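What's in model-v9.cif: mmCIF, N, CA and C atoms
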data_run
#
loop_
_atom_site.label_atom_id
_atom_site.label_comp_id
_atom_site.auth_asym_id
_atom_site.auth_seq_id
_atom_site.Cartn_x
_atom_site.Cartn_y
_atom_site.Cartn_z
N MET A 1 -4.68 -9.94 -16.52
CA MET A 1 -4.47 -9.30 -15.23
C MET A 1 -4.26 -10.38 -14.17
N ARG A 2 -3.36 -10.10 -13.26
CA ARG A 2 -3.03 -11.02 -12.18
C ARG A 2 -3.47 -10.45 -10.84
N GLN A 3 -3.58 -11.33 -9.88
CA GLN A 3 -3.93 -10.90 -8.53
C GLN A 3 -2.66 -10.70 -7.72
N TYR A 4 -2.67 -9.62 -6.95
CA TYR A 4 -1.55 -9.29 -6.07
C TYR A 4 -2.09 -8.91 -4.70
N GLU A 5 -1.28 -9.13 -3.70
CA GLU A 5 -1.54 -8.57 -2.37
C GLU A 5 -0.63 -7.37 -2.23
N LEU A 6 -1.18 -6.27 -1.81
CA LEU A 6 -0.42 -5.05 -1.59
C LEU A 6 -0.50 -4.71 -0.11
N MET A 7 0.61 -4.86 0.59
CA MET A 7 0.68 -4.51 2.01
C MET A 7 1.23 -3.10 2.10
N VAL A 8 0.50 -2.24 2.79
CA VAL A 8 0.89 -0.84 2.91
C VAL A 8 0.91 -0.45 4.38
N ILE A 9 1.93 0.31 4.76
CA ILE A 9 2.00 0.88 6.10
C ILE A 9 1.79 2.39 5.96
N PHE A 10 0.75 2.87 6.61
CA PHE A 10 0.44 4.30 6.61
C PHE A 10 0.88 4.92 7.93
N PRO A 11 1.08 6.24 7.95
CA PRO A 11 1.40 6.91 9.22
C PRO A 11 0.23 6.82 10.21
N MET A 12 0.52 7.03 11.48
CA MET A 12 -0.50 6.94 12.53
C MET A 12 -1.49 8.10 12.50
N GLU A 13 -1.06 9.28 12.04
CA GLU A 13 -1.92 10.45 12.05
C GLU A 13 -3.11 10.22 11.12
N GLU A 14 -4.30 10.54 11.60
CA GLU A 14 -5.53 10.28 10.85
C GLU A 14 -5.56 11.00 9.50
N ASP A 15 -5.16 12.26 9.47
CA ASP A 15 -5.22 13.01 8.22
C ASP A 15 -4.21 12.48 7.19
N LEU A 16 -3.02 12.08 7.63
CA LEU A 16 -2.03 11.51 6.73
C LEU A 16 -2.46 10.13 6.23
N HIS A 17 -3.08 9.36 7.12
CA HIS A 17 -3.58 8.03 6.75
C HIS A 17 -4.65 8.16 5.67
N LYS A 18 -5.59 9.06 5.90
CA LYS A 18 -6.70 9.24 4.96
C LYS A 18 -6.20 9.77 3.61
N ALA A 19 -5.31 10.75 3.63
CA ALA A 19 -4.77 11.32 2.39
C ALA A 19 -3.96 10.28 1.62
N GLY A 20 -3.15 9.51 2.33
CA GLY A 20 -2.34 8.47 1.68
C GLY A 20 -3.19 7.39 1.06
N ARG A 21 -4.22 7.00 1.77
CA ARG A 21 -5.12 5.96 1.26
C ARG A 21 -5.87 6.42 0.02
N GLU A 22 -6.39 7.65 0.05
CA GLU A 22 -7.11 8.19 -1.11
C GLU A 22 -6.19 8.30 -2.31
N GLN A 23 -4.96 8.76 -2.11
CA GLN A 23 -4.00 8.88 -3.21
C GLN A 23 -3.63 7.52 -3.78
N LEU A 24 -3.43 6.53 -2.91
CA LEU A 24 -3.10 5.18 -3.35
C LEU A 24 -4.23 4.59 -4.19
N LEU A 25 -5.47 4.71 -3.73
CA LEU A 25 -6.60 4.18 -4.49
C LEU A 25 -6.77 4.91 -5.82
N ALA A 26 -6.53 6.21 -5.83
CA ALA A 26 -6.61 6.98 -7.08
C ALA A 26 -5.52 6.54 -8.06
N ASP A 27 -4.31 6.29 -7.57
CA ASP A 27 -3.21 5.84 -8.43
C ASP A 27 -3.50 4.47 -9.02
N LEU A 28 -4.06 3.57 -8.20
CA LEU A 28 -4.41 2.24 -8.69
C LEU A 28 -5.49 2.33 -9.78
N ALA A 29 -6.52 3.12 -9.54
CA ALA A 29 -7.61 3.25 -10.50
C ALA A 29 -7.15 3.93 -11.79
N ALA A 30 -6.27 4.90 -11.69
CA ALA A 30 -5.79 5.63 -12.86
C ALA A 30 -4.97 4.74 -13.79
N ASN A 31 -4.40 3.68 -13.26
CA ASN A 31 -3.58 2.78 -14.07
C ASN A 31 -4.31 1.48 -14.40
N GLY A 32 -5.63 1.47 -14.29
CA GLY A 32 -6.42 0.33 -14.73
C GLY A 32 -6.47 -0.86 -13.81
N SER A 33 -6.14 -0.68 -12.55
CA SER A 33 -6.20 -1.78 -11.59
C SER A 33 -7.47 -1.66 -10.77
N GLU A 34 -7.89 -2.79 -10.23
CA GLU A 34 -9.09 -2.76 -9.39
C GLU A 34 -8.80 -3.41 -8.04
N VAL A 35 -9.27 -2.77 -6.99
CA VAL A 35 -9.10 -3.28 -5.63
C VAL A 35 -10.27 -4.19 -5.34
N GLU A 36 -9.98 -5.46 -5.06
CA GLU A 36 -11.03 -6.44 -4.80
C GLU A 36 -11.40 -6.52 -3.33
N LYS A 37 -10.42 -6.32 -2.46
CA LYS A 37 -10.64 -6.50 -1.03
C LYS A 37 -9.68 -5.62 -0.25
N THR A 38 -10.14 -5.12 0.88
CA THR A 38 -9.31 -4.31 1.77
C THR A 38 -9.44 -4.84 3.19
N ASP A 39 -8.31 -5.12 3.82
CA ASP A 39 -8.29 -5.59 5.21
C ASP A 39 -7.48 -4.63 6.06
N GLU A 40 -8.13 -4.02 7.05
CA GLU A 40 -7.43 -3.18 8.03
C GLU A 40 -6.81 -4.11 9.07
N LEU A 41 -5.49 -4.10 9.18
CA LEU A 41 -4.81 -4.98 10.12
C LEU A 41 -4.47 -4.29 11.43
N GLY A 42 -4.72 -2.99 11.52
CA GLY A 42 -4.54 -2.28 12.77
C GLY A 42 -3.18 -1.60 12.89
N GLU A 43 -2.96 -1.07 14.08
CA GLU A 43 -1.74 -0.33 14.39
C GLU A 43 -0.73 -1.28 15.05
N LYS A 44 0.52 -1.16 14.61
CA LYS A 44 1.55 -2.03 15.16
C LYS A 44 2.85 -1.25 15.32
N ASP A 45 3.67 -1.71 16.28
CA ASP A 45 5.00 -1.14 16.47
C ASP A 45 5.94 -1.71 15.42
N PHE A 46 6.89 -0.90 14.98
CA PHE A 46 7.92 -1.36 14.05
C PHE A 46 9.06 -2.01 14.85
N ALA A 47 9.78 -2.89 14.21
CA ALA A 47 10.96 -3.49 14.84
C ALA A 47 12.08 -2.46 14.94
N TYR A 48 12.08 -1.50 14.01
CA TYR A 48 13.07 -0.42 14.00
C TYR A 48 12.41 0.81 13.39
N GLU A 49 12.99 1.96 13.60
CA GLU A 49 12.41 3.21 13.09
C GLU A 49 12.45 3.24 11.57
N ILE A 50 11.36 3.67 10.98
CA ILE A 50 11.26 3.85 9.54
C ILE A 50 10.80 5.28 9.31
N LYS A 51 11.62 6.05 8.63
CA LYS A 51 11.32 7.46 8.37
C LYS A 51 10.98 8.20 9.66
N LYS A 52 11.75 7.92 10.71
CA LYS A 52 11.61 8.55 12.03
C LYS A 52 10.27 8.26 12.70
N LYS A 53 9.66 7.15 12.35
CA LYS A 53 8.39 6.74 12.96
C LYS A 53 8.58 5.39 13.63
N LYS A 54 7.84 5.17 14.73
CA LYS A 54 7.97 3.93 15.48
C LYS A 54 6.73 3.04 15.38
N ARG A 55 5.61 3.59 14.88
CA ARG A 55 4.36 2.85 14.74
C ARG A 55 3.73 3.18 13.40
N GLY A 56 2.86 2.29 12.94
CA GLY A 56 2.16 2.54 11.69
C GLY A 56 0.86 1.77 11.62
N ARG A 57 0.03 2.14 10.65
CA ARG A 57 -1.24 1.46 10.39
C ARG A 57 -1.06 0.55 9.18
N TYR A 58 -1.32 -0.71 9.38
CA TYR A 58 -1.14 -1.71 8.33
C TYR A 58 -2.47 -1.96 7.62
N VAL A 59 -2.44 -1.96 6.29
CA VAL A 59 -3.61 -2.26 5.48
C VAL A 59 -3.19 -3.21 4.37
N LEU A 60 -3.97 -4.27 4.16
CA LEU A 60 -3.71 -5.25 3.12
C LEU A 60 -4.78 -5.13 2.04
N PHE A 61 -4.34 -4.85 0.81
CA PHE A 61 -5.25 -4.74 -0.32
C PHE A 61 -5.06 -5.96 -1.22
N THR A 62 -6.14 -6.50 -1.75
CA THR A 62 -6.08 -7.52 -2.80
C THR A 62 -6.42 -6.80 -4.10
N VAL A 63 -5.48 -6.82 -5.05
CA VAL A 63 -5.57 -5.99 -6.25
C VAL A 63 -5.43 -6.85 -7.49
N LYS A 64 -6.23 -6.55 -8.52
CA LYS A 64 -6.04 -7.13 -9.84
C LYS A 64 -5.33 -6.08 -10.68
N ALA A 65 -4.15 -6.44 -11.20
CA ALA A 65 -3.35 -5.46 -11.95
C ALA A 65 -2.61 -6.15 -13.08
N ASP A 66 -2.28 -5.36 -14.08
CA ASP A 66 -1.45 -5.82 -15.19
C ASP A 66 -0.01 -5.92 -14.67
N PRO A 67 0.70 -7.02 -14.91
CA PRO A 67 2.07 -7.16 -14.41
C PRO A 67 3.01 -6.06 -14.86
N ALA A 68 2.79 -5.50 -16.03
CA ALA A 68 3.66 -4.42 -16.53
C ALA A 68 3.47 -3.13 -15.74
N LYS A 69 2.34 -2.99 -15.05
CA LYS A 69 2.06 -1.77 -14.29
C LYS A 69 2.71 -1.75 -12.91
N ILE A 70 3.22 -2.87 -12.45
CA ILE A 70 3.80 -2.94 -11.11
C ILE A 70 4.99 -1.98 -11.00
N THR A 71 5.81 -1.89 -12.03
CA THR A 71 6.94 -0.95 -11.99
C THR A 71 6.45 0.49 -11.99
N VAL A 72 5.33 0.75 -12.66
CA VAL A 72 4.73 2.09 -12.65
C VAL A 72 4.26 2.43 -11.24
N PHE A 73 3.60 1.47 -10.59
CA PHE A 73 3.14 1.69 -9.21
C PHE A 73 4.31 1.95 -8.27
N ASP A 74 5.38 1.22 -8.46
CA ASP A 74 6.57 1.41 -7.62
C ASP A 74 7.07 2.84 -7.72
N ARG A 75 7.13 3.37 -8.93
CA ARG A 75 7.59 4.74 -9.14
C ARG A 75 6.61 5.76 -8.54
N VAL A 76 5.32 5.53 -8.73
CA VAL A 76 4.29 6.46 -8.23
C VAL A 76 4.21 6.43 -6.71
N PHE A 77 4.27 5.23 -6.12
CA PHE A 77 4.14 5.12 -4.66
C PHE A 77 5.34 5.73 -3.94
N LYS A 78 6.51 5.73 -4.56
CA LYS A 78 7.67 6.37 -3.93
C LYS A 78 7.48 7.87 -3.78
N LEU A 79 6.65 8.46 -4.64
CA LEU A 79 6.39 9.90 -4.58
C LEU A 79 5.31 10.26 -3.56
N ASN A 80 4.56 9.27 -3.09
CA ASN A 80 3.51 9.51 -2.12
C ASN A 80 4.13 9.58 -0.72
N ALA A 81 4.19 10.78 -0.17
CA ALA A 81 4.83 11.00 1.13
C ALA A 81 4.03 10.40 2.28
N ASN A 82 2.77 10.04 2.03
CA ASN A 82 1.91 9.50 3.08
C ASN A 82 1.94 7.98 3.16
N LEU A 83 2.89 7.34 2.50
CA LEU A 83 3.11 5.91 2.62
C LEU A 83 4.44 5.71 3.33
N VAL A 84 4.44 4.91 4.38
CA VAL A 84 5.68 4.63 5.09
C VAL A 84 6.43 3.53 4.34
N LYS A 85 5.76 2.43 4.04
CA LYS A 85 6.33 1.29 3.29
C LYS A 85 5.21 0.59 2.54
N TYR A 86 5.58 -0.16 1.50
CA TYR A 86 4.61 -0.96 0.75
C TYR A 86 5.35 -2.11 0.08
N ILE A 87 4.60 -3.15 -0.23
CA ILE A 87 5.18 -4.29 -0.97
C ILE A 87 4.06 -5.00 -1.74
N PHE A 88 4.37 -5.37 -2.98
CA PHE A 88 3.48 -6.15 -3.81
C PHE A 88 3.93 -7.61 -3.74
N VAL A 89 2.97 -8.53 -3.60
CA VAL A 89 3.25 -9.97 -3.63
C VAL A 89 2.23 -10.60 -4.55
N ARG A 90 2.71 -11.37 -5.53
CA ARG A 90 1.82 -12.03 -6.47
C ARG A 90 1.14 -13.22 -5.79
N ILE A 91 -0.17 -13.36 -6.00
CA ILE A 91 -0.93 -14.47 -5.46
C ILE A 91 -0.90 -15.59 -6.49
N GLU A 92 -0.45 -16.75 -6.09
CA GLU A 92 -0.42 -17.91 -6.99
C GLU A 92 -1.84 -18.39 -7.26
N GLU A 93 -2.07 -18.78 -8.48
CA GLU A 93 -3.42 -19.24 -8.87
C GLU A 93 -3.62 -20.70 -8.66
#
With the file now loaded, output its structure as structure tokens.
Amino acid sequence: MRQYELMVIFPMEEDLHKAGREQLLADLAANGSEVEKTDELGEKDFAYEIKKKKRGRYVLFTVKADPAKITVFDRVFKLNANLVKYIFVRIEE
């Protein structure tokens, strides 16, 4: 298993943020990954509109995951309507 940083932008609405976060954590756990650290980075304006939204809540997760599962997460996260954007970045050891 490798370490990754997962940057996620959630919608500003509290209920959508909470639902999106719970679904994301459930998807990670269901595929054998573990979240080591969570950093709330706060609310920020976007440089341009994304999905008709101008602001979002940024959260940075440090995750241990199997490299083969990253493509599975990509497919699953695209179906989660409560995520505005996300990106996985591998942490060098």
Task: Using only C-alpha atoms: which of A:Ile9, A:Leu83, A:Ala29, A:Val89 has the shortest distance to A:Thr62 - done: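 Closest residue, counting only C-alpha atoms: A:Val89.
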- [ ] Using atom CA of A:Glu43 and atom C of A:His17 as the two end points, give the distance in Å to one decimal.
- [x]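 The value is 12.5 Å.
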TODO: Could you jot down the atom C of A:Phe88 to atom N of A:Met12 separation for me, Å, one decimal place?
DONE: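 Pair atom C of A:Phe88 / atom N of A:Met12 returns 21.4 Å.
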- [ ] Check which residues satisfy the PyMOL selection byres ((chain A and resi 47-58) around 5) in the file shown, then give them as a ChimeraX atom specification.
- [x] /A:8-12,41-46,59-60
Open item on the list: To one decimal place in Å, what is the distance between atom CA of A:Ala81 and atom N of A:Met1?
Closed with: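 We find that atom CA of A:Ala81 and atom N of A:Met1 lie 29.0 Å from each other.
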Open item on the list: With DSSP run on the backbone, what are the strand (DSSP E) residues within chain A? I'd like them as an MDAnalysis selection string.
Closed with: chainID A and resid 2:10 34:50 53:65 85:90
Task: Residue neighbourhood A:Gly32, 7 Å, all atoms listed in the file, exclusion window fewer than 3 positions, as a PyMOL selection string - done: chain A and resi 27-29+64-66
Please return the centre and edge lengths, in Å to one decimal, of a box with edges along x, y and z that contains all listed atoms of stretch 49-63 of chain A, widened by 4 Å on every side, as JSON.
{"center_x": 3.3, "center_y": 0.5, "center_z": 4.0, "size_x": 27.4, "size_y": 24.1, "size_z": 31.0}
Open item on the list: Once the PyMOL selection byres ((chain A and resi 36) around 6) is applied to the coordinates I shared, what remains selected? I want it as a ChimeraX atom specification.
Closed with: /A:34-35,37-38,62-64
Task: Top pick for closest residue to A:Glu5, considering A:Ser33, A:Phe61, A:Tyr86, A:Lys18 and counting all atoms listed in the file - done: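 Residue with the minimum atom-to-atom distance to A:Glu5: A:Phe61.
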- [ ] Using backbone DSSP assignments, extract all helix (DSSP H, G or I) residues from chain A; output them as a PyMOL selection string.
- [x] chain A and resi 14-30+67-79
Model the absent atoms of stretch 33-52 of chain A so that N, CA, C and O atoms are present, and write the result as a PDB file, in the frame of the given file.
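Produced file rebuild_26.pdb, reproduced below:
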ATOM      1  N   SER A  33      -6.140  -0.680 -12.550  1.00  0.00           N
ATOM      2  CA  SER A  33      -6.200  -1.780 -11.590  1.00  0.00           C
ATOM      3  C   SER A  33      -7.470  -1.660 -10.770  1.00  0.00           C
ATOM      4  O   SER A  33      -8.026  -0.584 -10.620  1.00  0.00           O
ATOM      5  N   GLU A  34      -7.890  -2.790 -10.230  1.00  0.00           N
ATOM      6  CA  GLU A  34      -9.090  -2.760  -9.390  1.00  0.00           C
ATOM      7  C   GLU A  34      -8.800  -3.410  -8.040  1.00  0.00           C
ATOM      8  O   GLU A  34      -8.161  -4.464  -7.963  1.00  0.00           O
ATOM      9  N   VAL A  35      -9.270  -2.770  -6.990  1.00  0.00           N
ATOM     10  CA  VAL A  35      -9.100  -3.280  -5.630  1.00  0.00           C
ATOM     11  C   VAL A  35     -10.270  -4.190  -5.340  1.00  0.00           C
ATOM     12  O   VAL A  35     -11.422  -3.776  -5.392  1.00  0.00           O
ATOM     13  N   GLU A  36      -9.980  -5.460  -5.060  1.00  0.00           N
ATOM     14  CA  GLU A  36     -11.030  -6.440  -4.800  1.00  0.00           C
ATOM     15  C   GLU A  36     -11.400  -6.520  -3.330  1.00  0.00           C
ATOM     16  O   GLU A  36     -12.545  -6.778  -2.985  1.00  0.00           O
ATOM     17  N   LYS A  37     -10.420  -6.320  -2.460  1.00  0.00           N
ATOM     18  CA  LYS A  37     -10.640  -6.500  -1.030  1.00  0.00           C
ATOM     19  C   LYS A  37      -9.680  -5.620  -0.250  1.00  0.00           C
ATOM     20  O   LYS A  37      -8.549  -5.412  -0.670  1.00  0.00           O
ATOM     21  N   THR A  38     -10.140  -5.120   0.880  1.00  0.00           N
ATOM     22  CA  THR A  38      -9.310  -4.310   1.770  1.00  0.00           C
ATOM     23  C   THR A  38      -9.440  -4.840   3.190  1.00  0.00           C
ATOM     24  O   THR A  38     -10.543  -5.012   3.685  1.00  0.00           O
ATOM     25  N   ASP A  39      -8.310  -5.120   3.820  1.00  0.00           N
ATOM     26  CA  ASP A  39      -8.290  -5.590   5.210  1.00  0.00           C
ATOM     27  C   ASP A  39      -7.480  -4.630   6.060  1.00  0.00           C
ATOM     28  O   ASP A  39      -6.287  -4.438   5.820  1.00  0.00           O
ATOM     29  N   GLU A  40      -8.130  -4.020   7.050  1.00  0.00           N
ATOM     30  CA  GLU A  40      -7.430  -3.180   8.030  1.00  0.00           C
ATOM     31  C   GLU A  40      -6.810  -4.110   9.070  1.00  0.00           C
ATOM     32  O   GLU A  40      -7.523  -4.834   9.756  1.00  0.00           O
ATOM     33  N   LEU A  41      -5.490  -4.100   9.180  1.00  0.00           N
ATOM     34  CA  LEU A  41      -4.810  -4.980  10.120  1.00  0.00           C
ATOM     35  C   LEU A  41      -4.470  -4.290  11.430  1.00  0.00           C
ATOM     36  O   LEU A  41      -3.956  -4.931  12.351  1.00  0.00           O
ATOM     37  N   GLY A  42      -4.720  -2.990  11.520  1.00  0.00           N
ATOM     38  CA  GLY A  42      -4.540  -2.280  12.770  1.00  0.00           C
ATOM     39  C   GLY A  42      -3.180  -1.600  12.890  1.00  0.00           C
ATOM     40  O   GLY A  42      -2.386  -1.561  11.967  1.00  0.00           O
ATOM     41  N   GLU A  43      -2.960  -1.070  14.080  1.00  0.00           N
ATOM     42  CA  GLU A  43      -1.740  -0.330  14.390  1.00  0.00           C
ATOM     43  C   GLU A  43      -0.730  -1.280  15.050  1.00  0.00           C
ATOM     44  O   GLU A  43      -1.103  -2.067  15.908  1.00  0.00           O
ATOM     45  N   LYS A  44       0.520  -1.160  14.610  1.00  0.00           N
ATOM     46  CA  LYS A  44       1.550  -2.030  15.160  1.00  0.00           C
ATOM     47  C   LYS A  44       2.850  -1.250  15.320  1.00  0.00           C
ATOM     48  O   LYS A  44       3.111  -0.289  14.614  1.00  0.00           O
ATOM     49  N   ASP A  45       3.670  -1.710  16.280  1.00  0.00           N
ATOM     50  CA  ASP A  45       5.000  -1.140  16.470  1.00  0.00           C
ATOM     51  C   ASP A  45       5.940  -1.710  15.420  1.00  0.00           C
ATOM     52  O   ASP A  45       5.819  -2.876  15.015  1.00  0.00           O
ATOM     53  N   PHE A  46       6.890  -0.900  14.980  1.00  0.00           N
ATOM     54  CA  PHE A  46       7.920  -1.360  14.050  1.00  0.00           C
ATOM     55  C   PHE A  46       9.060  -2.010  14.850  1.00  0.00           C
ATOM     56  O   PHE A  46       9.285  -1.679  16.008  1.00  0.00           O
ATOM     57  N   ALA A  47       9.780  -2.890  14.210  1.00  0.00           N
ATOM     58  CA  ALA A  47      10.960  -3.490  14.840  1.00  0.00           C
ATOM     59  C   ALA A  47      12.080  -2.460  14.940  1.00  0.00           C
ATOM     60  O   ALA A  47      12.940  -2.548  15.810  1.00  0.00           O
ATOM     61  N   TYR A  48      12.080  -1.500  14.010  1.00  0.00           N
ATOM     62  CA  TYR A  48      13.070  -0.420  14.000  1.00  0.00           C
ATOM     63  C   TYR A  48      12.410   0.810  13.390  1.00  0.00           C
ATOM     64  O   TYR A  48      11.363   0.714  12.765  1.00  0.00           O
ATOM     65  N   GLU A  49      12.990   1.960  13.600  1.00  0.00           N
ATOM     66  CA  GLU A  49      12.410   3.210  13.090  1.00  0.00           C
ATOM     67  C   GLU A  49      12.450   3.240  11.570  1.00  0.00           C
ATOM     68  O   GLU A  49      13.466   2.886  10.961  1.00  0.00           O
ATOM     69  N   ILE A  50      11.360   3.670  10.980  1.00  0.00           N
ATOM     70  CA  ILE A  50      11.260   3.850   9.540  1.00  0.00           C
ATOM     71  C   ILE A  50      10.800   5.280   9.310  1.00  0.00           C
ATOM     72  O   ILE A  50       9.740   5.679   9.782  1.00  0.00           O
ATOM     73  N   LYS A  51      11.620   6.050   8.630  1.00  0.00           N
ATOM     74  CA  LYS A  51      11.320   7.460   8.370  1.00  0.00           C
ATOM     75  C   LYS A  51      10.980   8.200   9.660  1.00  0.00           C
ATOM     76  O   LYS A  51      10.026   8.967   9.741  1.00  0.00           O
ATOM     77  N   LYS A  52      11.750   7.920  10.710  1.00  0.00           N
ATOM     78  CA  LYS A  52      11.610   8.550  12.030  1.00  0.00           C
ATOM     79  C   LYS A  52      10.270   8.260  12.700  1.00  0.00           C
ATOM     80  O   LYS A  52       9.791   9.028  13.514  1.00  0.00           O
TER      81      LYS A  52
END
